[in-house]
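Undergrad: If it helps, the file is called entry_22.txt and holds compact mmCIF, C-alpha atoms:
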# COMPACT_ATOMS: atom_id res chain seq x y z
CA MET A 1 78.67 -34.21 31.46
CA GLU A 2 80.18 -37.42 30.28
CA LYS A 3 78.68 -39.30 27.38
CA LYS A 4 79.12 -42.99 26.86
CA LEU A 5 78.55 -44.53 23.50
CA THR A 6 77.65 -48.17 23.92
CA LEU A 7 78.19 -50.71 21.18
CA ASP A 8 74.47 -51.36 21.25
CA THR A 9 73.53 -47.75 20.52
CA PHE A 10 76.25 -47.51 17.90
CA LEU A 11 75.01 -50.57 16.06
CA GLU A 12 71.45 -49.35 16.35
CA TYR A 13 71.90 -46.03 14.61
CA THR A 14 74.34 -47.50 12.10
CA LEU A 15 71.73 -50.03 11.09
CA ILE A 16 69.01 -47.40 10.89
CA ILE A 17 71.16 -45.20 8.64
CA LEU A 18 71.93 -48.15 6.38
CA ILE A 19 68.27 -49.14 6.06
CA ILE A 20 67.09 -45.61 5.34
CA SER A 21 69.92 -45.02 2.86
CA ALA A 22 69.11 -48.24 1.05
CA ILE A 23 65.44 -47.33 0.72
CA ALA A 24 66.27 -43.77 -0.35
CA PHE A 25 68.88 -45.09 -2.82
CA VAL A 26 66.23 -47.07 -4.68
CA GLY A 27 63.70 -44.28 -4.28
CA ASN A 28 66.13 -41.84 -5.87
CA TRP A 29 66.66 -44.22 -8.78
CA ILE A 30 62.93 -44.42 -9.42
CA TYR A 31 62.42 -40.68 -9.05
CA SER A 32 65.33 -39.42 -11.14
CA ASP A 33 66.89 -40.51 -14.41
CA VAL A 34 70.19 -41.41 -12.83
CA GLY A 35 71.30 -45.04 -12.86
CA LEU A 36 71.71 -47.10 -9.72
CA MET A 37 75.47 -47.57 -9.99
CA GLU A 38 76.00 -43.96 -10.96
CA SER A 39 74.35 -42.69 -7.81
CA LEU A 40 76.04 -45.17 -5.49
CA PRO A 41 79.14 -43.08 -4.60
CA GLY A 42 76.89 -40.13 -3.85
CA ILE A 43 74.67 -41.97 -1.42
CA LEU A 44 77.72 -43.49 0.27
CA ILE A 45 79.25 -40.06 0.79
CA LEU A 46 76.01 -38.71 2.23
CA LEU A 47 75.55 -41.64 4.53
CA CYS A 48 79.10 -41.21 5.81
CA VAL A 49 78.56 -37.52 6.51
CA ALA A 50 75.35 -38.38 8.36
CA PHE A 51 77.09 -41.17 10.24
CA VAL A 52 79.99 -39.00 11.41
CA GLY A 53 77.60 -36.28 12.50
CA LEU A 54 75.50 -38.72 14.52
CA THR A 55 78.60 -40.21 16.13
CA LEU A 56 79.88 -36.77 17.10
CA GLU A 57 76.56 -35.97 18.75
CA LYS A 58 76.83 -39.11 20.86
CA ILE A 59 80.44 -38.57 21.82
CA ILE A 60 80.81 -34.86 22.39
CA PRO A 61 79.66 -33.93 25.89
CA VAL A 62 77.96 -30.69 24.87
CA ASN A 63 74.26 -30.72 24.07
CA ILE A 64 74.38 -29.98 20.33
CA PRO A 65 71.93 -31.73 18.01
CA ALA A 66 73.30 -33.99 15.29
CA ILE A 67 71.90 -31.85 12.50
CA VAL A 68 74.33 -29.09 13.43
CA TYR A 69 77.34 -31.41 13.10
CA ILE A 70 76.00 -32.99 9.94
CA SER A 71 75.35 -29.62 8.30
CA ILE A 72 78.79 -28.31 9.19
CA ILE A 73 80.57 -31.44 7.97
CA GLY A 74 78.53 -31.33 4.78
CA LEU A 75 79.45 -27.68 4.30
CA LEU A 76 83.13 -28.30 4.90
CA VAL A 77 83.52 -31.27 2.57
CA ALA A 78 81.58 -29.70 -0.27
CA MET A 79 82.98 -26.19 -0.23
CA PRO A 80 84.89 -25.16 -3.35
CA TYR A 81 87.91 -24.51 -1.11
CA SER A 82 87.93 -28.07 0.16
CA PRO A 83 90.32 -30.48 -1.59
CA VAL A 84 87.46 -32.95 -2.14
CA GLY A 85 84.88 -30.26 -2.83
CA ALA A 86 84.49 -30.75 -6.54
CA ALA A 87 84.33 -34.54 -6.27
CA VAL A 88 81.83 -34.48 -3.43
CA ALA A 89 79.63 -32.00 -5.26
CA GLU A 90 79.72 -34.07 -8.43
CA TYR A 91 78.93 -37.44 -6.86
CA THR A 92 76.29 -36.20 -4.44
CA GLY A 93 74.77 -34.23 -7.29
CA LYS A 94 73.56 -37.54 -8.67
CA VAL A 95 71.38 -38.05 -5.59
CA GLN A 96 68.32 -35.81 -5.49
CA MET A 97 67.29 -34.14 -2.28
CA LEU A 98 63.61 -35.03 -2.20
CA PRO A 99 63.89 -38.83 -2.41
CA LEU A 100 66.04 -38.71 0.72
CA ALA A 101 63.09 -37.27 2.62
CA THR A 102 60.45 -39.69 1.30
CA PRO A 103 61.34 -42.67 3.53
CA VAL A 104 61.47 -40.42 6.58
CA LEU A 105 57.99 -39.17 5.83
CA ALA A 106 56.71 -42.68 5.33
CA PHE A 107 57.80 -43.39 8.90
CA ALA A 108 56.34 -40.07 9.99
CA GLY A 109 52.92 -41.12 8.73
CA VAL A 110 52.95 -43.97 11.24
CA SER A 111 54.01 -41.60 13.97
CA MET A 112 51.21 -39.23 13.05
CA GLY A 113 48.72 -42.05 13.39
CA LYS A 114 49.14 -42.07 17.12
CA ASP A 115 48.23 -38.37 17.31
CA TRP A 116 45.18 -38.79 15.11
CA ALA A 117 42.70 -39.23 17.96
CA ALA A 118 43.99 -36.13 19.70
CA PHE A 119 43.84 -34.24 16.42
CA ARG A 120 40.16 -35.12 15.93
CA LYS A 121 39.38 -33.61 19.33
CA ILE A 122 40.89 -30.25 18.46
CA GLY A 123 38.21 -27.96 17.19
CA TRP A 124 38.29 -25.71 14.17
CA ARG A 125 39.45 -22.83 16.37
CA GLY A 126 42.65 -24.66 17.31
CA ILE A 127 43.32 -25.55 13.70
CA LEU A 128 42.72 -21.97 12.61
CA VAL A 129 45.20 -20.63 15.15
CA ALA A 130 47.74 -23.29 14.11
CA ALA A 131 47.32 -22.18 10.50
CA CYS A 132 47.89 -18.56 11.55
CA VAL A 133 50.99 -19.57 13.51
CA MET A 134 52.46 -21.24 10.44
CA VAL A 135 51.49 -18.43 8.11
CA GLY A 136 52.84 -15.86 10.56
CA THR A 137 56.25 -17.42 10.85
CA PHE A 138 56.54 -18.20 7.14
CA VAL A 139 55.35 -14.88 5.80
CA GLY A 140 57.15 -12.92 8.52
CA SER A 141 60.48 -14.44 7.61
CA ALA A 142 59.86 -14.16 3.88
CA ILE A 143 59.08 -10.46 4.11
CA VAL A 144 62.14 -9.67 6.22
CA ALA A 145 64.32 -11.69 3.84
CA GLN A 146 62.77 -9.95 0.85
CA PHE A 147 63.55 -6.46 2.15
CA ILE A 148 67.10 -7.27 3.08
CA LEU A 149 67.88 -9.07 -0.16
CA MET A 150 66.38 -6.16 -2.07
CA GLY A 151 68.38 -3.71 0.02
CA GLN A 152 71.54 -5.62 -0.79
CA GLY A 153 70.65 -5.64 -4.43
CA LEU A 154 70.78 -9.43 -4.53
CA ILE A 155 67.30 -9.73 -6.06
CA MET B 1 72.84 -56.18 21.17
CA ASP B 2 69.21 -55.76 22.18
CA SER B 3 68.56 -52.56 20.27
CA MET B 4 70.06 -54.02 17.15
CA LYS B 5 67.97 -57.17 17.42
CA ASN B 6 64.91 -55.02 17.94
CA ILE B 7 65.61 -53.20 14.73
CA LEU B 8 66.20 -56.36 12.72
CA LYS B 9 63.03 -57.92 14.08
CA ASN B 10 60.90 -55.39 12.22
CA TRP B 11 62.20 -56.16 8.75
CA LYS B 12 58.70 -56.68 7.37
CA PHE B 13 57.78 -53.16 8.46
CA TYR B 14 60.77 -51.74 6.57
CA LEU B 15 59.74 -53.72 3.55
CA VAL B 16 56.31 -52.10 3.70
CA VAL B 17 57.96 -48.68 3.94
CA PHE B 18 60.17 -49.60 0.99
CA VAL B 19 57.11 -50.45 -1.10
CA ILE B 20 55.36 -47.25 -0.02
CA VAL B 21 58.44 -45.24 -1.05
CA CYS B 22 58.66 -46.98 -4.43
CA ILE B 23 55.00 -46.32 -5.14
CA SER B 24 55.32 -42.69 -4.06
CA GLU B 25 58.39 -42.06 -6.21
CA LYS B 26 56.74 -43.78 -9.15
CA ILE B 27 53.77 -41.41 -8.90
CA GLY B 28 56.30 -38.59 -8.80
CA LEU B 29 55.59 -34.89 -8.82
CA VAL B 30 52.08 -33.82 -9.60
CA SER B 31 51.65 -30.22 -10.56
CA ILE B 32 48.18 -28.71 -10.70
CA PRO B 33 47.96 -25.36 -12.45
CA LEU B 34 46.21 -22.80 -10.33
CA GLY B 35 45.86 -19.37 -11.87
CA PRO B 36 49.28 -17.91 -12.57
CA GLY B 37 51.04 -20.61 -10.62
CA ASN B 38 51.02 -24.23 -9.57
CA LEU B 39 50.01 -26.38 -6.64
CA MET B 40 52.61 -29.07 -6.13
CA PHE B 41 52.19 -32.53 -4.74
CA LEU B 42 55.27 -34.49 -3.86
CA PRO B 43 56.26 -38.13 -3.30
CA LEU B 44 57.02 -37.38 0.32
CA LEU B 45 53.43 -36.29 0.83
CA TYR B 46 52.05 -39.47 -0.75
CA ALA B 47 54.34 -41.59 1.43
CA MET B 48 53.12 -39.81 4.53
CA ALA B 49 49.48 -40.12 3.52
CA ILE B 50 49.73 -43.81 2.61
CA SER B 51 51.40 -44.83 5.84
CA LEU B 52 49.00 -42.72 7.90
CA ILE B 53 46.01 -44.32 6.19
CA LEU B 54 47.47 -47.82 6.64
CA TYR B 55 47.87 -47.07 10.32
CA LEU B 56 44.35 -45.73 10.73
CA ILE B 57 42.49 -48.48 8.92
CA LYS B 58 43.93 -50.92 11.45
CA ALA B 59 43.39 -53.80 9.04
CA PHE B 60 47.10 -53.82 8.27
CA PRO B 61 48.94 -55.45 11.16
CA LEU B 62 52.34 -54.40 9.95
CA VAL B 63 51.59 -50.72 10.32
CA GLY B 64 50.16 -49.96 13.70
CA PRO B 65 50.87 -48.96 17.30
CA ALA B 66 53.49 -51.69 17.64
CA GLN B 67 55.65 -49.91 15.07
CA GLU B 68 55.31 -46.44 16.59
CA LYS B 69 58.50 -46.53 18.59
CA MET B 70 60.56 -47.86 15.69
CA ALA B 71 59.07 -45.27 13.40
CA GLY B 72 60.07 -42.55 15.85
CA LYS B 73 63.70 -43.68 15.85
CA PHE B 74 63.81 -43.92 12.08
CA ILE B 75 62.48 -40.39 11.71
CA VAL B 76 65.00 -38.82 14.03
CA ILE B 77 68.00 -40.68 12.62
CA GLY B 78 66.74 -41.01 9.07
CA ILE B 79 66.48 -37.27 8.52
CA SER B 80 70.29 -37.15 8.91
CA VAL B 81 70.96 -38.33 5.39
CA PHE B 82 68.62 -35.68 4.02
CA ILE B 83 70.32 -33.03 6.15
CA ALA B 84 73.70 -34.29 4.89
CA LYS B 85 72.56 -33.64 1.31
CA VAL B 86 71.30 -30.18 2.24
CA GLY B 87 74.60 -29.42 4.00
CA VAL B 88 76.60 -30.57 1.00
CA GLN B 89 74.52 -28.48 -1.41
CA SER B 90 74.92 -25.47 0.85
CA GLY B 91 78.66 -26.07 0.92
CA ALA B 92 78.89 -26.18 -2.84
CA ALA B 93 77.02 -22.87 -2.93
CA ILE B 94 78.91 -21.34 -0.01
CA GLU B 95 79.63 -18.09 -1.82
CA SER B 96 75.91 -17.42 -2.33
CA VAL B 97 75.24 -18.35 1.26
CA ILE B 98 77.82 -15.90 2.59
CA LYS B 99 76.57 -13.10 0.35
CA ALA B 100 73.06 -13.65 1.62
CA GLY B 101 74.30 -13.91 5.21
CA PRO B 102 72.58 -10.79 6.57
CA ALA B 103 69.23 -11.81 5.13
CA LEU B 104 69.60 -15.34 6.49
CA LEU B 105 70.37 -14.13 9.97
CA LEU B 106 67.76 -11.41 10.13
CA GLN B 107 64.90 -13.45 8.72
CA GLU B 108 65.11 -15.48 11.91
CA LEU B 109 63.48 -12.47 13.54
CA GLY B 110 60.66 -12.87 11.06
CA ASN B 111 59.70 -15.98 12.99
CA LEU B 112 58.37 -13.59 15.61
CA GLY B 113 55.76 -12.60 13.05
CA THR B 114 53.74 -15.50 14.31
CA ILE B 115 53.11 -13.66 17.57
CA PHE B 116 51.72 -10.54 15.95
CA ILE B 117 49.48 -12.40 13.56
CA ALA B 118 48.32 -15.40 15.56
CA LEU B 119 48.01 -14.04 19.10
CA PRO B 120 45.24 -11.50 18.40
CA ILE B 121 43.32 -14.12 16.45
CA ALA B 122 43.66 -16.68 19.22
CA LEU B 123 42.40 -14.13 21.72
CA LEU B 124 39.47 -13.16 19.54
CA LEU B 125 38.56 -16.84 19.21
CA GLY B 126 38.26 -17.04 22.96
CA PHE B 127 41.49 -18.67 24.05
CA GLY B 128 42.95 -17.48 27.35
CA ARG B 129 46.45 -18.29 28.54
CA GLU B 130 46.36 -21.12 25.98
CA ALA B 131 46.94 -18.41 23.40
CA VAL B 132 50.41 -17.79 24.76
CA GLY B 133 51.29 -21.47 24.52
CA MET B 134 49.83 -21.57 21.05
CA THR B 135 51.34 -18.51 19.45
CA HIS B 136 54.72 -17.84 21.05
CA SER B 137 56.47 -19.92 18.38
CA ILE B 138 55.90 -22.66 15.87
CA ALA B 139 55.72 -25.37 18.56
CA ARG B 140 58.12 -28.07 17.50
CA GLU B 141 59.68 -30.36 20.08
CA PRO B 142 62.12 -27.88 21.69
CA ASN B 143 59.37 -25.35 22.30
CA VAL B 144 57.01 -27.95 23.71
CA GLY B 145 59.81 -28.89 26.09
CA LEU B 146 60.30 -25.27 27.07
CA ILE B 147 56.63 -24.68 27.81
CA ALA B 148 56.47 -27.97 29.67
CA SER B 149 59.31 -26.98 31.95
CA LYS B 150 58.10 -23.44 32.48
CA TYR B 151 54.36 -23.95 32.93
CA GLY B 152 53.84 -27.70 32.92
CA LEU B 153 51.96 -29.53 30.18
CA ASP B 154 48.70 -29.66 32.14
CA SER B 155 48.54 -25.87 32.34
CA PRO B 156 46.54 -23.75 29.89
CA GLU B 157 49.82 -22.73 28.22
CA GLY B 158 50.82 -26.38 28.01
CA ARG B 159 47.50 -27.33 26.44
CA GLY B 160 47.95 -24.52 23.95
CA VAL B 161 51.37 -25.61 22.78
CA MET B 162 50.22 -29.21 22.47
CA ILE B 163 47.32 -28.17 20.24
CA ILE B 164 49.66 -26.42 17.83
CA TYR B 165 52.18 -29.24 18.07
CA ILE B 166 49.61 -31.87 17.14
CA VAL B 167 48.02 -29.85 14.34
CA GLY B 168 51.51 -28.99 13.07
CA THR B 169 52.54 -32.63 13.14
CA LEU B 170 49.51 -33.70 11.15
CA ILE B 171 49.03 -30.97 8.60
CA GLY B 172 52.21 -28.92 8.93
CA THR B 173 54.09 -30.58 6.11
CA ILE B 174 51.28 -30.29 3.59
CA PHE B 175 50.37 -26.81 4.75
CA MET B 176 53.91 -25.48 4.42
CA GLY B 177 54.17 -27.00 0.96
CA LEU B 178 50.93 -25.40 -0.15
CA MET B 179 51.88 -22.04 1.34
CA SER B 180 55.14 -22.16 -0.53
CA SER B 181 53.40 -22.85 -3.84
CA ILE B 182 50.86 -20.11 -3.19
CA LEU B 183 53.38 -17.47 -2.12
CA ALA B 184 55.59 -18.25 -5.10
CA SER B 185 52.69 -18.15 -7.55
CA PHE B 186 50.60 -15.26 -6.28
CA THR B 187 52.82 -12.83 -4.42
CA PRO B 188 55.74 -10.69 -5.58
CA LEU B 189 57.98 -12.45 -3.05
CA HIS B 190 61.20 -13.66 -4.60
CA PRO B 191 61.90 -17.43 -4.49
CA PHE B 192 65.06 -16.71 -2.46
CA SER B 193 63.04 -14.97 0.24
CA ILE B 194 60.52 -17.79 0.36
CA ALA B 195 63.34 -20.34 0.45
CA MET B 196 64.81 -18.64 3.50
CA ALA B 197 61.42 -18.65 5.16
CA THR B 198 61.02 -22.41 4.80
CA GLY B 199 63.60 -23.05 7.48
CA VAL B 200 61.60 -23.18 10.68
CA GLY B 201 63.45 -25.93 12.48
CA SER B 202 61.76 -28.97 10.98
CA GLY B 203 63.52 -30.92 8.23
CA SER B 204 60.33 -32.38 6.79
CA MET B 205 58.55 -29.01 6.67
CA MET B 206 61.60 -27.55 4.96
CA ALA B 207 61.67 -30.38 2.43
CA ALA B 208 57.97 -30.03 1.64
CA ALA B 209 58.16 -26.26 1.38
CA SER B 210 61.30 -25.97 -0.72
CA ALA B 211 60.41 -28.67 -3.23
CA PRO B 212 57.72 -26.66 -5.05
CA LEU B 213 60.16 -23.75 -5.31
CA ILE B 214 62.83 -25.94 -6.86
CA THR B 215 60.36 -27.35 -9.33
CA MET B 216 59.01 -23.94 -10.29
CA PHE B 217 62.45 -22.32 -10.57
CA PRO B 218 64.89 -25.08 -11.56
CA ASP B 219 67.67 -22.68 -12.51
CA MET B 220 67.68 -21.35 -8.95
CA GLU B 221 67.80 -24.79 -7.38
CA THR B 222 71.28 -24.39 -5.89
CA GLU B 223 70.53 -21.17 -4.08
CA ILE B 224 67.05 -22.25 -2.97
CA THR B 225 68.34 -25.45 -1.39
CA ALA B 226 71.29 -23.68 0.19
CA TYR B 227 69.18 -20.86 1.66
CA ALA B 228 66.44 -23.19 2.89
CA GLY B 229 68.98 -25.52 4.45
CA MET B 230 70.95 -22.76 6.14
CA SER B 231 67.81 -21.13 7.41
CA ASN B 232 66.64 -24.43 8.86
CA LEU B 233 70.00 -24.94 10.53
CA LEU B 234 69.88 -21.47 12.04
CA SER B 235 66.34 -21.96 13.28
CA THR B 236 67.31 -25.24 14.88
CA ALA B 237 70.34 -23.70 16.54
CA ASP B 238 68.90 -20.37 17.65
CA GLY B 239 65.22 -21.25 17.84
CA ILE B 240 65.14 -22.10 21.50
CA TYR B 241 67.13 -19.01 22.53
CA MET B 242 64.97 -16.78 20.34
CA THR B 243 61.96 -18.17 22.16
CA ILE B 244 63.39 -17.81 25.66
CA PHE B 245 64.75 -14.29 25.24
CA LEU B 246 62.45 -12.78 22.65
CA GLY B 247 59.46 -14.89 21.70
CA LEU B 248 57.97 -15.84 25.02
CA PRO B 249 58.53 -12.50 26.75
CA LEU B 250 57.11 -10.67 23.74
CA CYS B 251 54.12 -12.97 23.62
CA ASN B 252 53.43 -12.55 27.32
CA PHE B 253 53.76 -8.79 27.03
CA LEU B 254 51.35 -8.63 24.11
CA TYR B 255 48.96 -10.93 25.93
CA LYS B 256 48.89 -8.59 28.93
CA LYS B 257 48.16 -5.64 26.67
CA LEU B 258 45.60 -7.26 24.41
CA SER B 259 43.73 -9.59 26.71
CA PRO B 260 41.80 -6.82 28.51
CA ILE B 261 40.80 -5.45 25.13
CA ILE B 262 39.98 -8.45 22.98
CA GLY B 263 40.56 -11.45 25.18
CA GLN B 264 39.06 -13.24 28.14
CA ASP B 265 40.10 -10.52 30.55
CA ARG B 266 37.71 -8.01 29.06
CA LYS B 267 34.93 -9.74 30.98
CA LYS B 268 36.87 -9.25 34.18
CA LYS B 269 37.17 -5.53 33.53
CA ALA B 270 33.46 -5.20 33.02
Would you kindly transcribe this structure into C-alpha cells?

TA:
Amino acid sequence: MEKKLTLDTFLEYTLIILIISAIAFVGNWIYSDVGLMESLPGILILLCVAFVGLTLEKIIPVNIPAIVYISIIGLLVAMPYSPVGAAVAEYTGKVQMLPLATPVLAFAGVSMGKDWAAFRKIGWRGILVAACVMVGTFVGSAIVAQFILMGQGLI
Amino acid sequence: MDSMKNILKNWKFYLVVFVIVCISEKIGLVSIPLGPGNLMFLPLLYAMAISLILYLIKAFPLVGPAQEKMAGKFIVIGISVFIAKVGVQSGAAIESVIKAGPALLLQELGNLGTIFIALPIALLLGFGREAVGMTHSIAREPNVGLIASKYGLDSPEGRGVMIIYIVGTLIGTIFMGLMSSILASFTPLHPFSIAMATGVGSGSMMAAASAPLITMFPDMETEITAYAGMSNLLSTADGIYMTIFLGLPLCNFLYKKLSPIIGQDRKKKA
C-alpha cells in the first residue's frame, strides 16, 4: 500500500500543530508558574516530536496510528540512555501535561455538540449501561494492576 | 493549498478557542473535599463545557455546525503534542516503566472486566443483541468500526455500540475523571494501579483521569504519568486485537449463556 504525502496535507497538519502548540504554550504559562521564554524550548521540542510522528504516519505504508510513533520517539529522546535525554527531560519539564490537553478539549466540546441531539434521545438505560462499561473497564484494569504490582512488591 | 487556506480561514474560531483556554487555565484546578478524598475539576473540563455550551446556545455564530469539521481535525492532530509530552515523561521514567512491565501488560486484560459487569446489567435492563454491541468493549472509534464492518451500524449490535460511543463522547471524560478521584479517595487501590487503568485508548479520557491522581499524589507524578501514558499506548495498539480475539467472542459466548436466563430470550423459552 503506497502512501503519498501531498504538500497540501503536509501544510495542513503543520499549521494545525503550530496553532494548537501556540494556544497550549500560552495556556501553560497561565496555568503554571513558569515564564513564557523559559517554557519555549520545551514546547518546541514537543511540537517537533509530534510533527515527526505525524509525518511518519503519513509516509510509512503500514497502518500504524501516529500516537504509536509519537510515543516511541518521545520515549527514545527522553530516556536516560539517550544522549539528549537529560536536556529533553529538563526543557519539557517546564511544560505541564494538562495545559496541552485543554485546547484539544475545547475543540472536542464543539464536536460533542453535534452528538447532543442523539445523546438526548438515549434513555437512562443506555446511560446506565455506558456507565457500567466505563466502570467495568476501569476497575477491572485497576484490580489486575493492583494484584500484580503487589505480587511484585512494587507497592 | 486548499486545505491550508481552509484552516487559515477559520482564524476567528481559533481565537475563540484561545480565549476559552485562557479562561479555563485562569480558573485552574478546583478541588472539592469529599469525605476522605477530593473531587477534582480541571481546566480541560471547563474548556469542553464552555465550547459545548457555546455550540448549543446557537447564538454564537463562531461556534457551530460550520466549525465541526475543523474541530474534528484539530482534535485528532492536536492530541499529538499532548501524547508527545506523555511519551517524553514515560521515557524519562523508563526504568519504572520496565519494572512495572508485567502489570502494564496484564492490566490490558482487565479491560475485559467491562463484559462481566456491564453485559448482565444490559440484559436485565431489557437490551437484546444491542447488549453485545454495548458491552464488548469501551466503544471508541476502532471498536465502532469493527462492529460496523461485522454487523453493520443499522443492526441491533451497531445501535448498541453507537449508544455507548455517544454517551462516552459526551460524559466519558468527566466520568473517568470523577471515577479516578473516587477510586483514589475511597478505595485501597494504589495510585499506580489506578494510573494504569486510566489508559483505555482515549487521550482525553486518560488526561482527565490521571490529572486528579497527579494532584492528589504530587510526589508520584512521574510514575503516574508514565504508567497512564504507557497503558494508553498499549490499549491503542492492542485494543482492536483484544476485541477481535478475546472481547467480542467472550461477549457473544456470555450472551448466549445469559440471555435465556436473564435476557430477552427467556420469553422465547417460555

Undergrad: If we count only C-alpha atoms and set the cut-off at 12 Å, which residues sit around Gly153 of chain A, ignoring sequence neighbours fewer than 4 positions away in its own chain? Please answer as an MDAnalysis selection string.

TA: (chainID A and resid 146:149) or (chainID B and resid 99:100 103)

Undergrad: Have a look at atom CA of Gly145 of chain B and atom CA of Val161 of chain B and let me know their distance in Å, one decimal.

TA: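 Computing the Euclidean distance for atom CA of Gly145 of chain B and atom CA of Val161 of chain B yields 9.6 Å.
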
Undergrad: Quick one: residues within 6 Å of segment 5-12 of chain A, all atoms listed in the file counted, chain neighbours fewer than 6 positions away excluded, as a PyMOL selection string?

TA: chain B and resi 1+3-4

Undergrad: In Å, how far is it from atom CA of Ser202 of chain B to atom CA of Thr236 of chain B?

TA: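 Distance reported for this atom pair: 7.7 Å.
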
Undergrad: For a test of reading the model, state the distance in Å between atom CA of Leu75 of chain A and atom CA of Leu56 of chain A, rounded to one decimal.

TA: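 So the answer is 15.7 Å.
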
Undergrad: For each of B:His190, B:Lys58, B:Arg159, B:Arg140, take the minimum atom-to-atom distance to chain A, counting all atoms listed in the file, then give the residue where this is smallest.

TA: B:His190

Undergrad: Which neighbours of Leu109 of chain B fall inside 10 Å, counting only C-alpha atoms, when residues of the same chain fewer than 5 positions from it are skipped, and could you give them as a list in words?

TA: Thr137, Gly140, Ser141, Val144 and Ala145 of chain A; Leu104, Ser235, Gly239, Met242, Leu246 and Gly247 of chain B

Undergrad: Name the closest residue to Met97 of chain A among the candidates A:Ile30, A:Val139, A:Ala24, A:Val133; distances are taken between atoms, counting only C-alpha atoms.

TA: A:Ala24

Undergrad: Contacts of segment 249-260 of chain B at 10 Å or less, counting all atoms listed in the file, minus same-chain residues fewer than 2 places along, as an MDAnalysis selection string?

TA: chainID B and resid 112 114:116 119:120 123:124 126:129 131:137 243:247 262:270

Undergrad: Please identify all polymer residues within 12 Å of Met37 of chain A, counting all atoms listed in the file, omitting same-chain residues fewer than 3 positions from it, and present them as a ChimeraX atom specification.

TA: /A:25-26,28-29,33-34,40-44,91,94-95

Undergrad: I need the residue nearest chain B from this list: A:Gly109, A:Pro83, A:Pro99, A:Pro65. Use all atoms listed in the file for the distance.

TA: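 The shortest atom-to-atom distance to chain B comes from A:Gly109.
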